[in-house]
Amino acid sequence: VNDAGRLSIDETVERIKALVGPKGWVSDPNDIEPYLVEPRGLFHGATRLVVRPASTADVAAIVTLCAAAKLPIVPQGGNTGLVGAQVPPENGNNIVVSLQRMNKIRAVDPLNYTMTVEAGVILADIQKAAEEADRLFPLSLGAEGSCRIGGNLSTNAGGVGVLRYGNTRDLALGLEVVLPDGRIWDGLRALRKDNTGYDLKQLFIGGEGTLGIITAAVLKLFPRPREIETAMIALANVDDVMEIFARARAASGDQLTAFELIPRFGIEMTTQHLHGISDPIAAAYPWYVLLEISSSEASGASRAKLENFLAAQIEAGLVVDGVIAASAAQAANIWRIRDGMTEAQGYEGGSIKHDVSVPVSRVAEFIRTAMAAVEARLPGIRPCPFGHVGDGNIHFNLSQPKGADPKGVDKAAYLARWGEFNDIVHGIVAALGGSISAEHGIGRLKRDEITHYKSPLELDLMRKIKHALDPDGIMNPGKVIAAE
Ligand SMILES: Cc1cc2nc3c(=O)[nH]c(=O)nc-3n(C[C@H](O)[C@H](O)[C@H](O)COP(=O)(O)OP(=O)(O)OC[C@H]3O[C@@H](n4cnc5c(N)ncnc54)[C@H](O)[C@@H]3O)c2cc1C
């Protein structure tokens with residue numbers, strides 16, 4: 001105990017270990033390693049302790065001890081985040097609080113179309129539990145087998161269902177949160193209407209663990225789709241993509257559930273590098289869209305709508321070719337192309353990535369302008385713009401020029417230009433009224449970058465909110481906004 005009557009950091013760590021018991025902490029360097037590196041390997045942190053509480057009460061007790069000792073905490077879910085927010089800093093001064101053991105589904109209420117879950121439940125398990133109750137939980141993304149709902153909420157994750165159902169923010173009705181001083185806020189309301197002042201849960205959703213630890217949530221459910229129709233269509237010109245999108249929304253009776261852009265490069269990469277994927281359309285075209293229509297009514301109407309839509313757009317000359325999946329296997333093949341884009345691009349050497357959004361009406365303009373700008377800066381660079389263009393969200397990834405050694409110094413030299421290409425692309429995004437982080441967040445990766453694109457007023461408000469909830473800066477420090 002120090003002069004101020006506080007426990008030292010060492011004593012605090014021992015108290016935490018005793019509190020959670022032997023199953024509740026990890027300190028062996030080999031066992032700790034998976035908690036320290038994020039999926040792209042951009043950040044590799046250090047820590048003396050990973051603590052794995054099993055209940056909200058345990059989380060509150062841990063945070064209370066940390067608050068007293070001013071010991072910083074990094075909350076972690078499935079460790080699939082792409083901006084380095086969930087890994088501790090290299091100095092080893094933060095402990096990691098992993099929510100993995102808090103993986104219970106507390107209640108499913110099919111009549112209220114809600115589910116109450118602990119923060120550590122894996123997203124795929126939530127989808128499965130909803131299906132077992134004849135309901136749909138529509139959040140769906142590439143990492144769904146390992147990301148956890150507390151992480152999805154804290155990053156306000158997007159994914160492929162946003163077009164119809166919204167981001168994670170739109171799918172949460174209530175939260176339970178342990179605040180940076182250790183108090184538990186029980187906001188687990190299952191209400192569709194609740195106009196009783198500030199909507200506090202919205203601070204924690206997308207807060208990347210900087211304002212508190214989410215321990216549980218009430219999620220919205222939807223009717224389960226009974227028919228899903230998937231198509232791949234080919235376009236000669238990227239300028240047509242948003243006109244086709246607008247027409248598809250109208251023609252489907254607003255039942256469009258996915259509208260994902262894929263360039264020719266994406267088809268080539270996935271069919272070449274990944275197993276069991278075939279090109280669904282015989283001829284080659286510069287651009288493709290994966291399009292999905294779904295309905296909770298099994299009447300066959302979705303199929304007819306899709307066929308009529310495709311025929312009309314081919315007739316109008318907007319779509320040059322297309323295929324509607326005739327079986328679940330064909331639909332899966334089309335989705336494998338979309339889902340395999342990032343993995344396949346890994347085989348093409350270095351990739352400089354941008355997760356950006358612009359107003360839906362300006363997607364084509366962004367793609368054209370940004371492709372021309374990066375090609376002018378580095379001839380031979382291979383842009384791969386793809387993703388959720390129905391939400392105005394483009395993953396504008398840039399593969400290194402062909403011929404450069406994917407494993408050697410060329411890759412490192414290429415990746416060293418990450419900031420230079422960010423400046424070019426983010427400048428165009430800003431000029432079009434867009435966002436430099438559409439769905440992955442800020443974390444450490446974009447923490448300094450964001451200061452150029454948010455107004456001083458917005459940054460000031462963000463700092464004030466952080467300071468009001470976490471005056472000692474112990475909750476995921478150094479992420480989202482820099483300490484003053
Ligand atoms: C292959 C792949 C595909 C992906 N596709 C998409 C996509 O389509 N759309 C998309 O939006 N993202 C996508 N992501 C990013 C990632 O999966 C999401 O951001 C996901 O929501 C993170 O969840 P997680 O449990 O892994 O959180 P983590 O990575 O563990 O943490 C992410 C952030 O949340 C905080 N956090 C975690 N749990 C809590 C908690 N209980 N309380 C408070 N803070 C917490 C962490 O401190 C960190 O700031 C993808 C990632 C991969 C690897």
# chains A, B, ... in the order shown; residues from 1 in each chain; ligands from 1
>>> residues_around(residues="Pro471 of chain A", least_positions_apart="3", cutoff="12 Å", atoms="only C-alpha atoms", output="list in words")
Ala67, Lys70, Leu179, Pro180, Asp181, Thr210, Leu211, Arg463, Lys464, Ile465, Lys466, His467, Ala468, Ile474, Met475, Pro477, Ala483 and Glu484 of chain A
>>> residues_around(residues="segment 10-14 of chain A", least_positions_apart="6", cutoff="10 Å", atoms="only C-alpha atoms", output="PDB file with C-alpha atoms, in the first residue's frame")
ATOM      1  CA  VAL A   1       0.000   0.000   0.000  1.00  0.00           C
ATOM      2  CA  ARG A  48       1.481  -8.561 -17.615  1.00  0.00           C
ATOM      3  CA  LEU A  49      -2.073  -9.853 -17.206  1.00  0.00           C
ATOM      4  CA  VAL A  51      -8.069 -11.252 -16.917  1.00  0.00           C
ATOM      5  CA  ILE A  62     -11.882  -5.618 -11.349  1.00  0.00           C
ATOM      6  CA  LEU A  65      -9.573  -2.113  -8.196  1.00  0.00           C
ATOM      7  CA  CYS A  66      -8.034  -0.723 -11.398  1.00  0.00           C
ATOM      8  CA  ALA A  68      -8.215   2.908  -7.342  1.00  0.00           C
ATOM      9  CA  ALA A  69      -4.716   2.051  -8.575  1.00  0.00           C
ATOM     10  CA  LYS A  70      -5.102   4.022 -11.852  1.00  0.00           C
ATOM     11  CA  LEU A  71      -4.229   0.821 -13.698  1.00  0.00           C
ATOM     12  CA  ILE A  95      -4.067  -5.059 -18.459  1.00  0.00           C
TER      13      ILE A  95
END
>>> residues_around(residues="segment 260-269 of chain A", least_positions_apart="6", cutoff="9 Å", atoms="only C-alpha atoms", output="MDAnalysis selection string")
chainID A and resid 160 241 278:279 284:291 337:338 340:341 344:345 347:348 382:390 394
>>> atom_distance(atom1="atom CA of Ala216 of chain A", atom2="atom CA of Leu175 of chain A")
5.8 Å
>>> atom_distance(atom1="atom CA of Pro53 of chain A", atom2="atom CA of Ser98 of chain A")
7.3 Å
>>> select_by_dssp(residues="segment 97-188 of chain A", states="alpha helix (DSSP H)", output="list in words")
Leu123, Ala124, Asp125, Ile126, Gln127, Lys128, Ala129, Ala130, Glu131, Glu132, Ile149, Gly150, Gly151, Asn152, Leu153, Ser154, Val162, Leu163, Arg164 and Tyr165 of chain A
>>> write_last_selection(atoms="C-alpha atoms", output="mmCIF file, in the first residue's frame")
data_model
loop_
_atom_site.group_PDB
_atom_site.id
_atom_site.type_symbol
_atom_site.label_atom_id
_atom_site.label_comp_id
_atom_site.auth_asym_id
_atom_site.auth_seq_id
_atom_site.Cartn_x
_atom_site.Cartn_y
_atom_site.Cartn_z
ATOM 1 C CA LEU A 123 -21.878 -13.402 -33.171
ATOM 2 C CA ALA A 124 -22.542 -16.716 -34.999
ATOM 3 C CA ASP A 125 -23.999 -18.193 -31.786
ATOM 4 C CA ILE A 126 -26.418 -15.264 -31.539
ATOM 5 C CA GLN A 127 -27.489 -15.788 -35.151
ATOM 6 C CA LYS A 128 -28.048 -19.497 -34.388
ATOM 7 C CA ALA A 129 -30.050 -18.845 -31.232
ATOM 8 C CA ALA A 130 -32.262 -16.400 -33.138
ATOM 9 C CA GLU A 131 -32.840 -18.984 -35.872
ATOM 10 C CA GLU A 132 -33.799 -21.604 -33.274
ATOM 11 C CA ILE A 149 -21.218 -9.016 -29.560
ATOM 12 C CA GLY A 150 -19.512 -6.669 -27.064
ATOM 13 C CA GLY A 151 -16.883 -6.015 -29.752
ATOM 14 C CA ASN A 152 -19.542 -5.617 -32.452
ATOM 15 C CA LEU A 153 -21.336 -3.058 -30.291
ATOM 16 C CA SER A 154 -18.153 -1.249 -29.309
ATOM 17 C CA VAL A 162 -26.668 -2.897 -43.130
ATOM 18 C CA LEU A 163 -28.587 -2.009 -46.254
ATOM 19 C CA ARG A 164 -31.805 -3.529 -44.905
ATOM 20 C CA TYR A 165 -31.277 -3.679 -41.120
#
>>> select_by_dssp(residues="segment 310-463 of chain A", states="strand (DSSP E)", output="list of chain:residue names")
A:Asp321, A:Gly322, A:Val323, A:Ile324, A:Ser351, A:Ile352, A:Asp355, A:Val356, A:Ser357, A:Arg382, A:Pro383, A:Cys384, A:Pro385, A:Phe386, A:Asn393, A:Ile394, A:His395, A:Phe396, A:Asn397, A:Leu398, A:Ser399
>>> closest_residue(among="A:Asp410, A:Ser302, A:Gly174, A:Ile105", to="Asp194 of chain A", atoms="only C-alpha atoms")
A:Gly174
>>> residues_around(residues="segment 28-33 of chain A", least_positions_apart="3", cutoff="9 Å", atoms="only C-alpha atoms", output="list in words")
Leu36, Val37, Gly45, Ala46, Thr47, Arg48, Leu49 and Val50 of chain A
>>> closest_residue(among="A:Arg362, A:Lys411, A:Lys353, A:Arg226", to="Arg40 of chain A", atoms="only C-alpha atoms")
A:Lys353
>>> atom_distance(atom1="atom CA of Gly21 of chain A", atom2="atom CA of Ala119 of chain A")
20.3 Å
>>> closest_residue(among="A:Leu111, A:Ala311, A:Leu82, A:Met371", to="Cys147 of chain A", atoms="only C-alpha atoms")
A:Leu82
>>> closest_residue(among="A:Thr451, A:Thr215, A:Asn94, A:Ser361", to="Val121 of chain A", atoms="only C-alpha atoms")
A:Thr215
